[in-house]
Amino acid sequence: MTHQSPSKERWGTRVGVILAVTGSAVGLGNFLRFPGLAAKYDGGAFMIPYAVAFVLLGLPIAWTEWAMGRYGGTRGFNSTPGIFRTIWSNRAAPYAGVLGVLIPVMIYMYYVFIEAWCLGYAWRYLTGEMMLGKDSAQYGAFFESYVGASQDGAIFERPQDTALWALAICFVLNFVLIYRGINKGIEWFCKWAMPALVVCAVIVLVRVLTLGTPDPTKPDQSLLNGLGYMWNPNTPTKSLWESLQNSQIWLDAAGQIFFSLSVGFGVMITYASYLRPDDDVALSSVTAASGNGFCEVVLGGMITIPAAVVFLGPSVAQNPPGTFGLGFVTLPLVFEHMPLGQFFGFLFFFLLFLAAVTSSLSMLQPAIALLEEGLGLGRRASVSLLGFVTLMGTGFVVYFSKNFMALDTIDFWVGTFCIYILATIQVILFGWVMGADRGMEEIDHCAEICVPRVVKYVIKYVAPVYLLTIFAAWVYQNAGDRIEGIRSSPVVAMSVGFIGVVVLLFVLLIAQSVKRWERAEQAQQEVRI
């Protein structure tokens, strides 16, 4: 296939790209979703399927995305549809990459709203407005009012008292940075945001690890018991073997790996396309994945659950609230009980805000790449068009906020279902279309570590079987309930319909991009003749 002229945009430094990719992966899932799942699935028992999913899915797919991204980038393509087209000489190839644009854009539409909650909470802690007392009902009522969860459109009734102002700031910040480009925008921000995030997290972690047993009359509410709930593979009610017999723990562990490492999102493959031809992908991908694992397991896991156990009792770990309840209701109550709670509450939610911004920035770049290389739009036009599309989507999520119905629907169908599909497509393309041997050559090119040869077989055989098995299990266990949910709820039906509209939009954009690419290739052939 004829090459395009390579993109002029490039990462400035190796440290910059690693921090940007790590920043893409490190987000709210590390500090909220992972601790919640670990507590739900018996602490240390969850770490076994989590580690298996990391080895068999997370790291191998990360290698494939980095390798395919660099391969496509050296041929002038930065978007998933364009990169797929360089790998697979089939007219369906670019359309198979539509999920690589759809997933990050639609996740951004609701992710930026949650990002705004973090900014709003950080500000309220800084000003002292967030210290509401030691009654959990007060925090629950405040959260419901602040995000408009009580009724559709409720957030617009008193916008000055809700997260709308923070949402406006987050939206503008993301698009200002993405307008500045890969080097001056994303890389620049991640170079200072990621170290600041880690510093904030370490400060909060040190405070949590020095809590001891604040109330001697409640010896079960100790730091050691909190760490025990986080790490012990056996619980008072279940053995390790009983925990591992639950099929759902394996499904959710795999889902957490995808969500955490940003594999199957369409983000890393785009980020890797801006590498230079002789840049390493083997060690860089391992470094980024390790950095994410440190933030998730060491920082996120050891802050949230132990602190909740120390101040609120073991019942928090045994019966954990949902992700939003844990992060925005339970943890503020923890900070209420903690000495210097206002300061540590500010630090925690500020680090959540930084983590969210580094992730949301990455979600915009795949669509920007398609608009620029596919339609020939300039940076200003592509950013403006994407800004309009995502603003409409975020407005939809914010308005239909009762019980987070629109948010949860888009999160499942795009943030879980579509990610599994895209990850499966990618490993099949790498292992069977590009070819495992050729793919490993691409990984090994200018590599600074030797990737074990067994990885070739993991990518070609194990990962596809693992993914297809998970997908089949989901269809068998849950597909009927999800379809019934669409039929029974107008908001769910509208949310699924909205996803369909965005899919159609990107399919049309890809069709126009293919025509442009074909004209350019034909012109190049005529020049050669």
# chains A, B, ... in the order shown; residues from 1 in each chain; ligands from 1
call {"tool": "select_by_dssp", "arguments": {"residues": "region 68-197 of chain A", "states": "helix (DSSP H, G or I)", "output": "PyMOL selection string"}}
result
chain A and resi 68-73+80-87+93-96+99-127+136-147+154-156+159-161+164-179+181-197
call {"tool": "residues_around", "arguments": {"residues": "region 162-179 of chain A", "least_positions_apart": "4", "cutoff": "7 Å", "atoms": "only C-alpha atoms", "output": "PyMOL selection string"}}
result
chain A and resi 112-113+116-117+119-120+146-147+155+158+185-186+361+379-380+383
call {"tool": "residues_around", "arguments": {"residues": "region 16-25 of chain A", "least_positions_apart": "2", "cutoff": "6 Å", "atoms": "only C-alpha atoms", "output": "ChimeraX atom specification"}}
result
/A:13-14,187,190,260-262,288,292,358-359,362
call {"tool": "write_last_selection", "arguments": {"atoms": "N, CA and C atoms", "output": "PDB file, in the first residue's frame"}}
result
ATOM      1  N   THR A  13      10.231  13.761  23.813  1.00  0.00           N
ATOM      2  CA  THR A  13      11.206  12.943  24.521  1.00  0.00           C
ATOM      3  C   THR A  13      10.603  11.585  24.839  1.00  0.00           C
ATOM      4  N   ARG A  14      11.482  10.630  25.130  1.00  0.00           N
ATOM      5  CA  ARG A  14      11.005   9.295  25.505  1.00  0.00           C
ATOM      6  C   ARG A  14      10.273   9.344  26.846  1.00  0.00           C
ATOM      7  N   GLU A 187       1.962  16.211  25.940  1.00  0.00           N
ATOM      8  CA  GLU A 187       3.226  15.866  26.589  1.00  0.00           C
ATOM      9  C   GLU A 187       3.605  16.899  27.643  1.00  0.00           C
ATOM     10  N   CYS A 190       1.370  16.353  30.789  1.00  0.00           N
ATOM     11  CA  CYS A 190       1.663  15.108  31.505  1.00  0.00           C
ATOM     12  C   CYS A 190       3.023  15.139  32.190  1.00  0.00           C
ATOM     13  N   SER A 260      -7.981  -0.098  33.015  1.00  0.00           N
ATOM     14  CA  SER A 260      -6.836   0.490  33.700  1.00  0.00           C
ATOM     15  C   SER A 260      -5.679   0.800  32.754  1.00  0.00           C
ATOM     16  N   LEU A 261      -5.350  -0.157  31.875  1.00  0.00           N
ATOM     17  CA  LEU A 261      -4.206   0.030  30.981  1.00  0.00           C
ATOM     18  C   LEU A 261      -4.556   0.788  29.703  1.00  0.00           C
ATOM     19  N   SER A 262      -5.835   1.104  29.525  1.00  0.00           N
ATOM     20  CA  SER A 262      -6.305   1.774  28.296  1.00  0.00           C
ATOM     21  C   SER A 262      -6.047   0.930  27.054  1.00  0.00           C
ATOM     22  N   ALA A 288       5.367   1.885  30.881  1.00  0.00           N
ATOM     23  CA  ALA A 288       4.086   2.556  31.061  1.00  0.00           C
ATOM     24  C   ALA A 288       3.109   1.674  31.829  1.00  0.00           C
ATOM     25  N   ASN A 292       1.479   2.365  35.607  1.00  0.00           N
ATOM     26  CA  ASN A 292       0.053   2.307  35.886  1.00  0.00           C
ATOM     27  C   ASN A 292      -0.245   1.327  37.015  1.00  0.00           C
ATOM     28  N   THR A 358      -5.294  13.767  32.612  1.00  0.00           N
ATOM     29  CA  THR A 358      -4.314  13.064  31.770  1.00  0.00           C
ATOM     30  C   THR A 358      -4.984  11.957  30.954  1.00  0.00           C
ATOM     31  N   SER A 359      -6.062  11.382  31.493  1.00  0.00           N
ATOM     32  CA  SER A 359      -6.793  10.344  30.754  1.00  0.00           C
ATOM     33  C   SER A 359      -7.717  10.951  29.704  1.00  0.00           C
ATOM     34  N   SER A 362      -6.134  12.066  26.426  1.00  0.00           N
ATOM     35  CA  SER A 362      -5.807  10.986  25.486  1.00  0.00           C
ATOM     36  C   SER A 362      -7.022  10.546  24.688  1.00  0.00           C
TER      37      SER A 362
END
call {"tool": "residues_around", "arguments": {"residues": "Ala406 (chain A)", "least_positions_apart": "2", "cutoff": "12 Å", "atoms": "only C-alpha atoms", "output": "compact mmCIF listing (two decimals) with N, CA and C atoms, in the first residue's frame"}}
result
# COMPACT_ATOMS: atom_id res chain seq x y z
N MET A 106 -16.62 8.68 23.01
CA MET A 106 -17.85 8.53 23.81
C MET A 106 -17.54 8.38 25.29
N ILE A 107 -16.43 7.76 25.63
CA ILE A 107 -16.06 7.71 27.05
C ILE A 107 -15.75 9.11 27.56
N MET A 109 -17.21 11.77 26.76
CA MET A 109 -18.45 12.51 26.95
C MET A 109 -18.97 12.43 28.38
N TYR A 110 -18.75 11.30 29.05
CA TYR A 110 -19.18 11.22 30.45
C TYR A 110 -18.00 11.32 31.42
N ALA A 149 -28.32 13.94 40.40
CA ALA A 149 -28.72 12.53 40.27
C ALA A 149 -30.15 12.26 40.68
N ASP A 152 -33.82 14.01 36.12
CA ASP A 152 -33.28 14.48 34.84
C ASP A 152 -33.40 16.00 34.75
N GLY A 393 -22.73 15.40 23.28
CA GLY A 393 -22.77 14.15 24.02
C GLY A 393 -22.72 14.36 25.52
N THR A 394 -21.85 15.26 25.97
CA THR A 394 -21.76 15.54 27.40
C THR A 394 -23.06 16.17 27.90
N GLY A 395 -23.64 17.05 27.10
CA GLY A 395 -24.93 17.65 27.46
C GLY A 395 -26.01 16.58 27.63
N PHE A 396 -26.00 15.58 26.77
CA PHE A 396 -26.95 14.47 26.87
C PHE A 396 -26.77 13.72 28.19
N VAL A 397 -25.52 13.41 28.54
CA VAL A 397 -25.24 12.69 29.78
C VAL A 397 -25.61 13.52 31.00
N VAL A 398 -25.29 14.82 30.96
CA VAL A 398 -25.55 15.69 32.10
C VAL A 398 -27.05 15.87 32.31
N TYR A 399 -27.81 15.99 31.23
CA TYR A 399 -29.26 16.21 31.37
C TYR A 399 -29.95 14.95 31.89
N PHE A 400 -29.67 13.79 31.28
CA PHE A 400 -30.30 12.54 31.72
C PHE A 400 -29.47 11.92 32.84
N SER A 401 -29.43 12.64 33.96
CA SER A 401 -28.54 12.29 35.06
C SER A 401 -29.24 11.53 36.18
N LYS A 402 -30.54 11.33 36.11
CA LYS A 402 -31.24 10.62 37.18
C LYS A 402 -30.70 9.20 37.32
N ASN A 403 -30.18 8.91 38.51
CA ASN A 403 -29.58 7.59 38.80
C ASN A 403 -28.47 7.25 37.80
N PHE A 404 -27.90 8.26 37.14
CA PHE A 404 -26.80 8.08 36.17
C PHE A 404 -27.18 7.09 35.06
N ASP A 408 -24.36 5.35 32.83
CA ASP A 408 -24.13 3.91 33.01
C ASP A 408 -24.34 3.14 31.71
N THR A 409 -25.35 3.55 30.93
CA THR A 409 -25.63 2.85 29.68
C THR A 409 -24.48 3.01 28.69
N ILE A 410 -24.00 4.24 28.51
CA ILE A 410 -22.89 4.47 27.59
C ILE A 410 -21.62 3.81 28.12
N ASP A 411 -21.44 3.85 29.44
CA ASP A 411 -20.25 3.24 30.03
C ASP A 411 -20.23 1.74 29.74
N PHE A 412 -21.38 1.08 29.85
CA PHE A 412 -21.37 -0.36 29.59
C PHE A 412 -21.19 -0.68 28.12
N TRP A 413 -22.05 -0.12 27.26
CA TRP A 413 -22.03 -0.52 25.85
C TRP A 413 -20.77 -0.05 25.13
N VAL A 414 -20.22 1.08 25.54
CA VAL A 414 -18.99 1.57 24.91
C VAL A 414 -17.77 1.22 25.75
N ILE A 486 -33.02 -2.16 27.57
CA ILE A 486 -33.23 -1.20 26.48
C ILE A 486 -34.72 -1.06 26.18
N SER A 489 -36.67 0.90 29.35
CA SER A 489 -36.32 2.25 29.80
C SER A 489 -36.13 3.18 28.61
N PRO A 490 -36.93 4.25 28.52
CA PRO A 490 -36.75 5.21 27.42
C PRO A 490 -35.37 5.86 27.41
N VAL A 491 -34.82 6.16 28.60
CA VAL A 491 -33.51 6.81 28.66
C VAL A 491 -32.43 5.86 28.15
N VAL A 492 -32.50 4.58 28.55
CA VAL A 492 -31.54 3.59 28.06
C VAL A 492 -31.66 3.45 26.56
N ALA A 493 -32.88 3.40 26.06
CA ALA A 493 -33.09 3.28 24.61
C ALA A 493 -32.53 4.49 23.87
N MET A 494 -32.75 5.69 24.41
CA MET A 494 -32.21 6.90 23.78
C MET A 494 -30.69 6.90 23.82
N SER A 495 -30.11 6.42 24.92
CA SER A 495 -28.66 6.37 25.04
C SER A 495 -28.05 5.43 24.01
N VAL A 496 -28.66 4.26 23.84
CA VAL A 496 -28.18 3.32 22.83
C VAL A 496 -28.37 3.91 21.43
N GLY A 497 -29.50 4.60 21.22
CA GLY A 497 -29.72 5.26 19.94
C GLY A 497 -28.69 6.34 19.67
N PHE A 498 -28.31 7.08 20.72
CA PHE A 498 -27.29 8.11 20.57
C PHE A 498 -25.95 7.49 20.18
N ILE A 499 -25.61 6.36 20.80
CA ILE A 499 -24.39 5.65 20.42
C ILE A 499 -24.43 5.29 18.94
call {"tool": "closest_residue", "arguments": {"among": "A:Val316, A:Leu467, A:Ala201, A:Ala67", "to": "Ile87 (chain A)", "atoms": "only C-alpha atoms"}}
result
A:Ala67
call {"tool": "residues_around", "arguments": {"residues": "region 475-479 of chain A", "least_positions_apart": "5", "cutoff": "12 Å", "atoms": "only C-alpha atoms", "output": "JSON, numbers by chain"}}
result
{"A": [247, 248, 251, 412, 413, 417, 468, 469, 470, 484, 485, 486]}
call {"tool": "residues_around", "arguments": {"residues": "Pro60 (chain A)", "least_positions_apart": "6", "cutoff": "8 Å", "atoms": "only C-alpha atoms", "output": "PyMOL selection string"}}
result
chain A and resi 455+458-459
call {"tool": "closest_atom_pairs", "arguments": {"of": "region 52-151 of chain A", "to": "region 364-376 of chain A", "cutoff": "6 Å", "atoms": "only C-alpha atoms", "output": "JSON lines"}}
result
{"residue": "A:Asn78", "atom": "CA", "partner": "A:Ala369", "partner_atom": "CA", "distance": 5.7}
{"residue": "A:Ser79", "atom": "CA", "partner": "A:Leu370", "partner_atom": "CA", "distance": 5.1}
{"residue": "A:Val101", "atom": "CA", "partner": "A:Ala367", "partner_atom": "CA", "distance": 5.4}
call {"tool": "residues_around", "arguments": {"residues": "Asp278 (chain A)", "least_positions_apart": "4", "cutoff": "12 Å", "atoms": "only C-alpha atoms", "output": "PyMOL selection string"}}
result
chain A and resi 14+67+70-71+73-74+272+274+282+442-448
call {"tool": "atom_distance", "arguments": {"atom1": "CA of Asn30 (chain A)", "atom2": "CA of Arg207 (chain A)"}}
result
18.8 Å
call {"tool": "closest_residue", "arguments": {"among": "A:Ala62, A:Arg124, A:Leu351, A:Gly415", "to": "Val105 (chain A)", "atoms": "only C-alpha atoms"}}
result
A:Gly415
call {"tool": "closest_residue", "arguments": {"among": "A:Pro332, A:Gly300, A:Gly325, A:Gly293", "to": "Leu59 (chain A)", "atoms": "only C-alpha atoms"}}
result
A:Gly293
call {"tool": "closest_residue", "arguments": {"among": "A:Gly27, A:Gly387, A:Gly313, A:Pro277", "to": "Arg75 (chain A)", "atoms": "only C-alpha atoms"}}
result
A:Pro277
call {"tool": "closest_residue", "arguments": {"among": "A:Phe348, A:Trp123, A:Trp88, A:Phe328", "to": "Phe143 (chain A)", "atoms": "only C-alpha atoms"}}
result
A:Phe328
call {"tool": "atom_distance", "arguments": {"atom1": "CA of Ile249 (chain A)", "atom2": "CA of Phe471 (chain A)"}}
result
14.3 Å
call {"tool": "closest_residue", "arguments": {"among": "A:Glu336, A:Glu144, A:Glu296, A:Glu129", "to": "Ile257 (chain A)", "atoms": "only C-alpha atoms"}}
result
A:Glu296
